[in-house]
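What follows is a single structure, written as structure tokens, with notes after it.
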Amino acid sequence: MPFRLDNSYLLRSSQITIVGTGGTGSFVAEGLCRLLIGKPEAKVILVDFDRVERRNLERQNFNYDELGMFKAEALAVRLSRQFRR
């Protein structure tokens, strides 16, 4: 039986909060931004008080240039530029 994803929530104004932007949350944030292209009323809020460390670069969605930044801030800046939000 095929599975259909109900993404009708994307048609309404929405706000999505991601708590934790490490190994899973950093990739989820980027995927959501891709899903929300063309939906300027949708908001993605990132919450994480950890900073990007060298060991995070191996398995999390961060770049060398973001070392020392708060994870949520690093993602917000990069994804805002990438997806022009």
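Identifiers in this document derive from the order of the structure tokens: chains are assigned A, B, ..., residues are numbered from 1 separately in each chain, and ligands are numbered from 1 in order of occurrence.
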List every residue of chain A that DSSP, applied to the backbone of this structure, places in alpha helix (DSSP H), and write the result as a list in words.
->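 DSSP-assigned alpha helix (DSSP H) residues in chain A: Gly25, Ser26, Phe27, Val28, Ala29, Glu30, Gly31, Leu32, Cys33, Arg34, Leu35, Lys71, Ala72, Glu73, Ala74, Leu75, Ala76, Val77, Arg78, Leu79, Ser80, Arg81, Gln82 and Phe83 of chain A.
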Just the residues within 10 Å of Arg84 of chain A, please, counting only C-alpha atoms, with nothing from its chain fewer than 6 positions along; format it as a list in words.
-> Cys33, Ile37, Pro40 and Arg78 of chain A
Using atom CA of Gly23 of chain A and atom CA of Asp6 of chain A as the two end points, give the distance in Å to one decimal.
->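 Answer for the atom CA of Gly23 of chain A to atom CA of Asp6 of chain A separation: 25.3 Å.
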Taking into account only C-alpha atoms, which residue in the set A:Ala76, A:Gly31, A:Glu66, A:Gly20 is nearest to Asp50 of chain A?
->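 Checking each candidate against Asp50 of chain A, we get A:Gly20 as the closest.
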Of A:Leu36, A:Ala29, A:Gly22, A:Ser8, the one sitting nearest Glu58 of chain A when using only C-alpha atoms is A:Gly22
For Ser26 of chain A, which of A:Phe83, A:Leu67, A:Asn61, A:Ala72 is the closest residue, counting only C-alpha atoms?
->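 Looking only at the distances to Ser26 of chain A, the closest residue turns out to be A:Asn61.
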How far is it from atom CA of Arg55 of chain A to atom CA of Arg81 of chain A, in Å with one decimal?
->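 Value for the atom CA of Arg55 of chain A-atom CA of Arg81 of chain A distance: 24.5 Å.
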What is the atom CA of Ile18 of chain A-atom CA of Lys39 of chain A distance in Å, reported with one decimal?
-> 17.8 Å
Those of chain A in DSSP strand (DSSP E or B), formatted as a PyMOL selection string = chain A and resi 15-19+43-47+51+70
